[in-house]
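Raw start-v9.csv, CSV, N, CA, C and O atoms:
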```csv
chain,number,residue,atom,x,y,z
H,536,GLU,N,-17.1,-10.7,22.5
H,536,GLU,CA,-16.2,-10.1,23.5
H,536,GLU,C,-15.6,-8.9,22.8
H,536,GLU,O,-15.1,-8.9,21.7
H,537,LYS,N,-15.6,-7.8,23.6
H,537,LYS,CA,-15.1,-6.5,23.1
H,537,LYS,C,-13.5,-6.6,23.1
H,537,LYS,O,-13.0,-7.1,24.1
H,538,PRO,N,-12.9,-5.9,22.2
H,538,PRO,CA,-11.4,-5.9,22.2
H,538,PRO,C,-11.0,-4.8,23.3
H,538,PRO,O,-11.8,-3.9,23.6
H,539,THR,N,-9.8,-5.0,23.8
H,539,THR,CA,-9.3,-4.1,24.8
H,539,THR,C,-8.9,-2.8,24.1
H,539,THR,O,-8.7,-2.8,22.9
H,540,GLU,N,-8.7,-1.8,24.8
H,540,GLU,CA,-8.2,-0.5,24.3
H,540,GLU,C,-6.8,-0.7,23.6
H,540,GLU,O,-6.5,-0.2,22.6
H,541,GLU,N,-6.0,-1.6,24.3
H,541,GLU,CA,-4.7,-1.9,23.8
H,541,GLU,C,-4.7,-2.6,22.4
H,541,GLU,O,-4.0,-2.3,21.5
H,542,GLU,N,-5.7,-3.5,22.3
H,542,GLU,CA,-5.8,-4.2,21.0
H,542,GLU,C,-6.3,-3.3,19.9
H,542,GLU,O,-5.9,-3.4,18.8
H,543,VAL,N,-7.2,-2.3,20.3
H,543,VAL,CA,-7.7,-1.4,19.3
H,543,VAL,C,-6.6,-0.5,18.8
H,543,VAL,O,-6.5,-0.3,17.6
H,544,VAL,N,-5.8,0.1,19.7
H,544,VAL,CA,-4.7,1.0,19.2
H,544,VAL,C,-3.7,0.2,18.4
H,544,VAL,O,-3.1,0.8,17.4
H,545,GLN,N,-3.4,-1.0,18.7
H,545,GLN,CA,-2.5,-1.8,17.9
H,545,GLN,C,-3.1,-2.1,16.5
H,545,GLN,O,-2.3,-2.1,15.5
H,546,LYS,N,-4.3,-2.4,16.5
H,546,LYS,CA,-5.0,-2.7,15.2
H,546,LYS,C,-5.0,-1.4,14.3
H,546,LYS,O,-4.8,-1.5,13.1
H,547,GLN,N,-5.2,-0.3,15.0
H,547,GLN,CA,-5.2,1.0,14.2
H,547,GLN,C,-3.8,1.2,13.7
H,547,GLN,O,-3.7,1.7,12.5
H,548,ALA,N,-2.8,1.0,14.4
H,548,ALA,CA,-1.4,1.1,13.9
H,548,ALA,C,-1.2,0.2,12.8
H,548,ALA,O,-0.5,0.6,11.8
H,549,GLU,N,-1.6,-1.0,12.9
H,549,GLU,CA,-1.5,-2.0,11.8
H,549,GLU,C,-2.2,-1.5,10.5
H,549,GLU,O,-1.6,-1.6,9.4
H,550,LEU,N,-3.4,-1.1,10.6
H,550,LEU,CA,-4.2,-0.6,9.5
H,550,LEU,C,-3.5,0.6,8.8
H,550,LEU,O,-3.5,0.8,7.6
H,551,LYS,N,-3.0,1.5,9.6
H,551,LYS,CA,-2.4,2.7,9.1
H,551,LYS,C,-1.1,2.3,8.3
H,551,LYS,O,-0.9,2.8,7.2
H,552,TYR,N,-0.3,1.4,8.9
H,552,TYR,CA,0.9,1.0,8.2
H,552,TYR,C,0.5,0.3,6.9
H,552,TYR,O,1.1,0.5,5.8
H,553,GLN,N,-0.5,-0.6,6.9
H,553,GLN,CA,-1.0,-1.3,5.7
H,553,GLN,C,-1.4,-0.3,4.6
H,553,GLN,O,-1.0,-0.5,3.5
H,554,TYR,N,-2.1,0.7,5.0
H,554,TYR,CA,-2.5,1.8,4.1
H,554,TYR,C,-1.3,2.4,3.4
H,554,TYR,O,-1.2,2.6,2.2
H,555,GLU,N,-0.3,2.8,4.3
H,555,GLU,CA,0.9,3.5,3.8
H,555,GLU,C,1.6,2.6,2.8
H,555,GLU,O,2.2,3.0,1.8
H,556,VAL,N,1.7,1.3,3.1
H,556,VAL,CA,2.4,0.3,2.2
H,556,VAL,C,1.7,0.2,0.9
H,556,VAL,O,2.3,0.0,-0.2
H,557,GLU,N,0.4,0.2,0.9
H,557,GLU,CA,-0.4,-0.1,-0.3
H,557,GLU,C,-0.8,1.1,-1.1
H,557,GLU,O,-1.5,1.0,-2.1
H,558,VAL,N,-0.3,2.2,-0.8
H,558,VAL,CA,-0.6,3.4,-1.5
H,558,VAL,C,-0.1,3.4,-3.0
H,558,VAL,O,-0.6,4.0,-3.9
H,559,TYR,N,0.9,2.5,-3.2
H,559,TYR,CA,1.5,2.3,-4.6
H,559,TYR,C,0.4,1.9,-5.5
H,559,TYR,O,0.4,2.2,-6.7
H,560,LYS,N,-0.6,1.1,-5.0
H,560,LYS,CA,-1.7,0.6,-5.9
H,560,LYS,C,-2.5,1.8,-6.4
H,560,LYS,O,-2.9,1.8,-7.6
H,561,GLU,N,-2.8,2.7,-5.6
H,561,GLU,CA,-3.6,3.9,-6.0
H,561,GLU,C,-2.8,4.8,-7.0
H,561,GLU,O,-3.3,5.3,-8.0
H,562,GLN,N,-1.5,4.9,-6.7
H,562,GLN,CA,-0.6,5.7,-7.6
H,562,GLN,C,-0.5,5.1,-9.0
H,562,GLN,O,-0.6,5.7,-10.0
H,563,ARG,N,-0.4,3.7,-9.0
H,563,ARG,CA,-0.3,3.0,-10.3
H,563,ARG,C,-1.6,3.2,-11.1
H,563,ARG,O,-1.6,3.5,-12.3
H,564,ALA,N,-2.7,3.0,-10.4
H,564,ALA,CA,-4.0,3.0,-11.0
H,564,ALA,C,-4.3,4.4,-11.7
H,564,ALA,O,-4.9,4.5,-12.8
H,565,ARG,N,-3.8,5.5,-11.0
H,565,ARG,CA,-4.0,6.8,-11.6
H,565,ARG,C,-3.1,7.0,-12.9
H,565,ARG,O,-3.5,7.8,-13.7
H,566,GLU,N,-2.0,6.3,-13.0
H,566,GLU,CA,-1.1,6.5,-14.1
H,566,GLU,C,-1.3,5.5,-15.3
H,566,GLU,O,-0.9,5.8,-16.4
H,567,TYR,N,-1.9,4.4,-15.0
H,567,TYR,CA,-2.1,3.5,-16.1
H,567,TYR,C,-3.0,4.1,-17.1
H,567,TYR,O,-4.0,4.7,-16.7
H,568,PRO,N,-2.8,3.9,-18.4
H,568,PRO,CA,-3.7,4.4,-19.4
H,568,PRO,C,-5.1,3.6,-19.2
H,568,PRO,O,-5.1,2.5,-18.8
H,569,PRO,N,-6.2,4.3,-19.7
H,569,PRO,CA,-7.5,3.6,-19.7
H,569,PRO,C,-7.3,2.3,-20.5
H,569,PRO,O,-6.5,2.2,-21.4
H,570,TYR,N,-8.2,1.3,-20.1
H,570,TYR,CA,-8.1,0.0,-20.8
H,570,TYR,C,-8.2,0.1,-22.3
H,570,TYR,O,-7.5,-0.6,-23.1
H,571,ALA,N,-9.1,1.0,-22.8
H,571,ALA,CA,-9.3,1.1,-24.2
H,571,ALA,C,-8.0,1.6,-24.9
H,571,ALA,O,-7.7,1.1,-25.9
H,572,ASP,N,-7.3,2.5,-24.2
H,572,ASP,CA,-6.0,2.9,-24.8
H,572,ASP,C,-5.0,1.8,-24.7
H,572,ASP,O,-4.1,1.7,-25.7
H,573,GLN,N,-5.0,1.0,-23.7
H,573,GLN,CA,-4.1,-0.1,-23.6
H,573,GLN,C,-4.3,-1.1,-24.7
H,573,GLN,O,-3.4,-1.6,-25.4
H,574,PHE,N,-5.6,-1.4,-24.9
H,574,PHE,CA,-5.9,-2.4,-26.0
H,574,PHE,C,-5.5,-1.8,-27.4
H,574,PHE,O,-5.0,-2.5,-28.2
H,575,ASP,N,-5.7,-0.5,-27.5
H,575,ASP,CA,-5.4,0.1,-28.8
H,575,ASP,C,-3.9,0.1,-29.0
H,575,ASP,O,-3.4,-0.2,-30.1
H,576,GLN,N,-3.1,0.3,-27.9
H,576,GLN,CA,-1.7,0.2,-28.0
H,576,GLN,C,-1.2,-1.2,-28.4
H,576,GLN,O,-0.3,-1.4,-29.2
H,577,ILE,N,-1.8,-2.2,-27.8
H,577,ILE,CA,-1.5,-3.6,-28.1
H,577,ILE,C,-1.7,-3.8,-29.6
H,577,ILE,O,-0.9,-4.4,-30.3
H,578,PHE,N,-2.9,-3.4,-30.1
H,578,PHE,CA,-3.3,-3.7,-31.5
H,578,PHE,C,-2.3,-3.0,-32.4
H,578,PHE,O,-1.9,-3.6,-33.4
H,579,HIS,N,-2.0,-1.7,-32.2
H,579,HIS,CA,-1.2,-0.9,-33.1
H,579,HIS,C,0.3,-1.1,-33.0
H,579,HIS,O,1.0,-1.2,-34.0
H,580,ASP,N,0.8,-1.3,-31.7
H,580,ASP,CA,2.2,-1.3,-31.4
H,580,ASP,C,2.7,-2.6,-31.0
H,580,ASP,O,3.9,-2.8,-30.9
H,581,GLY,N,1.8,-3.5,-30.6
H,581,GLY,CA,2.2,-4.8,-30.1
H,581,GLY,C,2.3,-4.9,-28.6
H,581,GLY,O,2.4,-3.9,-27.9
H,582,ILE,N,2.4,-6.2,-28.2
H,582,ILE,CA,2.4,-6.5,-26.8
H,582,ILE,C,3.6,-5.9,-26.1
H,582,ILE,O,3.6,-5.5,-24.9
H,583,ASP,N,4.8,-6.0,-26.7
H,583,ASP,CA,6.0,-5.5,-26.1
H,583,ASP,C,6.0,-4.0,-25.8
H,583,ASP,O,6.5,-3.6,-24.8
H,584,ALA,N,5.4,-3.2,-26.7
H,584,ALA,CA,5.2,-1.8,-26.4
H,584,ALA,C,4.3,-1.6,-25.2
H,584,ALA,O,4.6,-0.7,-24.4
H,585,TRP,N,3.2,-2.3,-25.2
H,585,TRP,CA,2.3,-2.2,-24.1
H,585,TRP,C,3.0,-2.6,-22.7
H,585,TRP,O,2.9,-1.9,-21.7
H,586,LYS,N,3.8,-3.7,-22.8
H,586,LYS,CA,4.5,-4.1,-21.6
H,586,LYS,C,5.4,-3.0,-21.1
H,586,LYS,O,5.6,-2.7,-19.9
H,587,ALA,N,6.1,-2.3,-22.0
H,587,ALA,CA,7.0,-1.2,-21.7
H,587,ALA,C,6.3,-0.1,-21.0
H,587,ALA,O,6.8,0.5,-20.0
H,588,THR,N,5.1,0.2,-21.5
H,588,THR,CA,4.3,1.3,-20.9
H,588,THR,C,3.9,1.0,-19.5
H,588,THR,O,4.1,1.8,-18.5
H,589,ILE,N,3.5,-0.3,-19.3
H,589,ILE,CA,3.1,-0.7,-17.9
H,589,ILE,C,4.3,-0.8,-17.0
H,589,ILE,O,4.2,-0.4,-15.8
H,590,LEU,N,5.4,-1.3,-17.5
H,590,LEU,CA,6.6,-1.5,-16.7
H,590,LEU,C,7.1,-0.1,-16.2
H,590,LEU,O,7.6,0.0,-15.1
H,591,ASP,N,7.0,0.9,-17.1
H,591,ASP,CA,7.4,2.3,-16.6
H,591,ASP,C,6.6,2.7,-15.4
H,591,ASP,O,7.2,3.3,-14.5
H,592,VAL,N,5.3,2.5,-15.4
H,592,VAL,CA,4.5,2.8,-14.2
H,592,VAL,C,4.9,2.0,-13.0
H,592,VAL,O,5.1,2.5,-11.9
H,593,LYS,N,5.1,0.7,-13.2
H,593,LYS,CA,5.5,-0.2,-12.1
H,593,LYS,C,6.8,0.2,-11.5
H,593,LYS,O,7.0,0.1,-10.3
H,594,ARG,N,7.8,0.6,-12.3
H,594,ARG,CA,9.1,1.1,-11.8
H,594,ARG,C,8.9,2.4,-11.1
H,594,ARG,O,9.6,2.6,-10.1
H,595,LYS,N,8.1,3.2,-11.6
H,595,LYS,CA,7.9,4.5,-10.9
H,595,LYS,C,7.3,4.4,-9.5
H,595,LYS,O,7.6,5.1,-8.6
H,596,TYR,N,6.4,3.4,-9.4
H,596,TYR,CA,5.7,3.1,-8.1
H,596,TYR,C,5.9,1.7,-7.7
H,596,TYR,O,5.1,0.8,-8.0
H,597,PRO,N,7.1,1.3,-7.2
H,597,PRO,CA,7.4,-0.1,-6.9
H,597,PRO,C,6.5,-0.7,-5.8
H,597,PRO,O,6.0,0.1,-4.9
H,598,LYS,N,6.2,-1.9,-5.9
H,598,LYS,CA,5.4,-2.6,-5.0
H,598,LYS,C,6.1,-2.7,-3.6
H,598,LYS,O,7.3,-2.9,-3.5
H,599,GLU,N,5.3,-2.4,-2.6
H,599,GLU,CA,5.9,-2.5,-1.2
H,599,GLU,C,5.1,-3.5,-0.4
H,599,GLU,O,4.0,-3.9,-0.8
H,600,VAL,N,5.8,-4.1,0.6
H,600,VAL,CA,5.2,-5.1,1.4
H,600,VAL,C,5.4,-4.7,2.9
H,600,VAL,O,6.4,-4.0,3.2
H,601,MET,N,4.5,-5.1,3.7
H,601,MET,CA,4.6,-4.8,5.1
H,601,MET,C,5.8,-5.6,5.7
H,601,MET,O,6.0,-6.8,5.4
H,602,GLN,N,6.7,-5.0,6.4
H,602,GLN,CA,7.8,-5.6,7.1
H,602,GLN,C,7.4,-6.0,8.5
H,602,GLN,O,7.0,-5.1,9.3
H,603,PRO,N,7.5,-7.2,8.9
H,603,PRO,CA,7.1,-7.7,10.2
H,603,PRO,C,7.7,-6.9,11.4
H,603,PRO,O,7.0,-6.5,12.3
H,604,GLU,N,9.0,-6.6,11.2
H,604,GLU,CA,9.7,-5.8,12.3
H,604,GLU,C,9.2,-4.4,12.4
H,604,GLU,O,9.1,-3.8,13.5
H,605,VAL,N,8.9,-3.8,11.3
H,605,VAL,CA,8.3,-2.4,11.3
H,605,VAL,C,6.9,-2.5,11.9
H,605,VAL,O,6.6,-1.6,12.7
H,606,LEU,N,6.1,-3.4,11.5
H,606,LEU,CA,4.8,-3.6,12.1
H,606,LEU,C,4.8,-3.7,13.6
H,606,LEU,O,4.1,-3.0,14.3
H,607,GLU,N,5.7,-4.6,14.1
H,607,GLU,CA,5.8,-4.8,15.5
H,607,GLU,C,6.3,-3.5,16.2
H,607,GLU,O,5.8,-3.2,17.3
H,608,GLU,N,7.2,-2.8,15.6
H,608,GLU,CA,7.6,-1.5,16.2
H,608,GLU,C,6.5,-0.5,16.3
H,608,GLU,O,6.3,0.2,17.3
H,609,ARG,N,5.7,-0.4,15.2
H,609,ARG,CA,4.6,0.5,15.2
H,609,ARG,C,3.5,0.1,16.3
H,609,ARG,O,2.9,1.0,16.9
H,610,LYS,N,3.3,-1.2,16.5
H,610,LYS,CA,2.4,-1.6,17.5
H,610,LYS,C,2.9,-1.3,18.9
H,610,LYS,O,2.2,-0.8,19.8
H,611,ARG,N,4.2,-1.5,19.1
H,611,ARG,CA,4.8,-1.1,20.4
H,611,ARG,C,4.7,0.4,20.6
H,611,ARG,O,4.4,0.8,21.8
H,612,GLN,N,5.0,1.2,19.6
H,612,GLN,CA,4.9,2.6,19.8
H,612,GLN,C,3.4,3.1,20.1
H,612,GLN,O,3.2,3.9,20.9
H,613,ALA,N,2.5,2.4,19.4
H,613,ALA,CA,1.1,2.7,19.7
H,613,ALA,C,0.7,2.4,21.2
H,613,ALA,O,0.0,3.3,21.8
H,614,LEU,N,1.2,1.3,21.7
H,614,LEU,CA,1.0,1.0,23.1
H,614,LEU,C,1.7,2.0,24.0
H,614,LEU,O,1.1,2.5,25.0
H,615,ALA,N,2.9,2.4,23.7
H,615,ALA,CA,3.6,3.4,24.5
H,615,ALA,C,2.9,4.7,24.4
H,615,ALA,O,2.8,5.4,25.5
H,616,ASP,N,2.4,5.1,23.3
H,616,ASP,CA,1.6,6.4,23.2
H,616,ASP,C,0.4,6.3,24.1
H,616,ASP,O,0.0,7.3,24.7
H,617,LEU,N,-0.3,5.2,24.0
H,617,LEU,CA,-1.5,5.0,24.9
H,617,LEU,C,-1.1,5.1,26.3
H,617,LEU,O,-1.8,5.9,27.1
H,618,GLU,N,-0.1,4.5,26.8
H,618,GLU,CA,0.3,4.6,28.2
H,618,GLU,C,0.7,6.0,28.6
H,618,GLU,O,0.4,6.5,29.6
H,619,ALA,N,1.4,6.7,27.7
H,619,ALA,CA,1.8,8.1,27.9
H,619,ALA,C,0.5,9.0,28.1
H,619,ALA,O,0.5,9.9,28.9
H,620,SER,N,-0.5,8.7,27.2
H,620,SER,CA,-1.7,9.5,27.3
H,620,SER,C,-2.5,9.3,28.6
H,620,SER,O,-3.1,10.1,29.1
H,621,ARG,N,-2.4,8.1,29.1
H,621,ARG,CA,-3.0,7.7,30.4
H,621,ARG,C,-2.3,8.4,31.6
H,621,ARG,O,-3.0,8.7,32.6
H,622,ALA,N,-1.0,8.6,31.4
H,622,ALA,CA,-0.2,9.2,32.5
H,622,ALA,C,-0.5,10.7,32.7
H,622,ALA,O,-0.1,11.3,33.7
H,623,GLU,N,-1.0,11.3,31.6
H,623,GLU,CA,-1.2,12.8,31.6
H,623,GLU,C,-2.3,13.2,32.5
H,623,GLU,O,-3.2,12.6,32.9
```

Show me this structure written as structure tokens.
Amino acid sequence: EKPTEEEVVQKQAELKYQYEVEVYKEQRAREYPPYADQFDQIFHDGIDAWKATILDVKRKYPKEVMQPEVLEERKRQALADLEASRAE
């Protein structure tokens, strides 16, 4: 069974919000040192120094989660935009 146009625009809104929330993962990945450098830091400076390095990146790009009320508002807005486009 094919989804309705309304279901499609709501799912698109959900996926867009999910992407925005999860962008921190990409930001962190770009800033973490390569694994070889991390292992080298652990060997030479100890685990606590390595943890401090990683924690700095995590603080710079805090983890975000989807908020149910924000998601519902975005879905409502997507439906409202669809209805507005149909009225034109």

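Here atom O of H:Val605 is placed at a distance of 18.5 Å from atom CA of H:Tyr559.
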
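The gap separating atom CA of H:Pro603 from atom CA of H:Glu561 is 22.6 Å, in Å to one decimal.
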
Q) Quick one: residues within 7 Å of stretch 564-573 of chain H, only N, CA, C and O atoms counted, chain neighbours fewer than 4 positions away excluded, as a ChimeraX atom specification? A) /H:558-560,577-579,581,585,588-589,592

Q. Neighbours of H:Arg609 within 12 Å (only C-alpha atoms; same-chain residues fewer than 5 positions away dropped), as JSON, numbers by chain?
A. {"H": [544, 545, 546, 547, 548, 549, 550, 551, 552, 553, 601, 602, 603, 604, 614, 615, 616]}

Q. What is the distance between atom C of H:Arg611 and atom N of H:Pro538, in Å to one decimal?
A. 18.8 Å

Hey, could you pull the box centre and edge lengths for stretch 540-551 of chain H, axis-aligned, 8 Å padding per side, all listed atoms, to one decimal in Å, as lines of an AutoDock Vina configuration file?
```
center_x = -4.6
center_y = -0.7
center_z = 16.0
size_x = 24.2
size_y = 23.0
size_z = 33.6
```

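Considering the residues H:Lys610, H:Val543, H:Arg563, H:Gln576 and counting only C-alpha atoms, H:Leu590 has its shortest atom-to-atom contact with H:Arg563.
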
Q.
To test your reading of the structure, identify every residue in stretch 569-619 of chain H that backbone DSSP assigns to helix (DSSP H, G or I), and report it as a PyMOL selection string.
A. chain H and resi 570-580+582-595+603-619

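Nearest to H:Glu599 of all the residues H:Glu540, H:Glu623, H:Glu555, H:Glu618 is H:Glu555, based on only C-alpha atoms.
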
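Distances here use all atoms listed in the file; by that measure, the residue among H:Asp580, H:Leu617, H:Glu608, H:Val600 closest to H:Glu557 is H:Val600.
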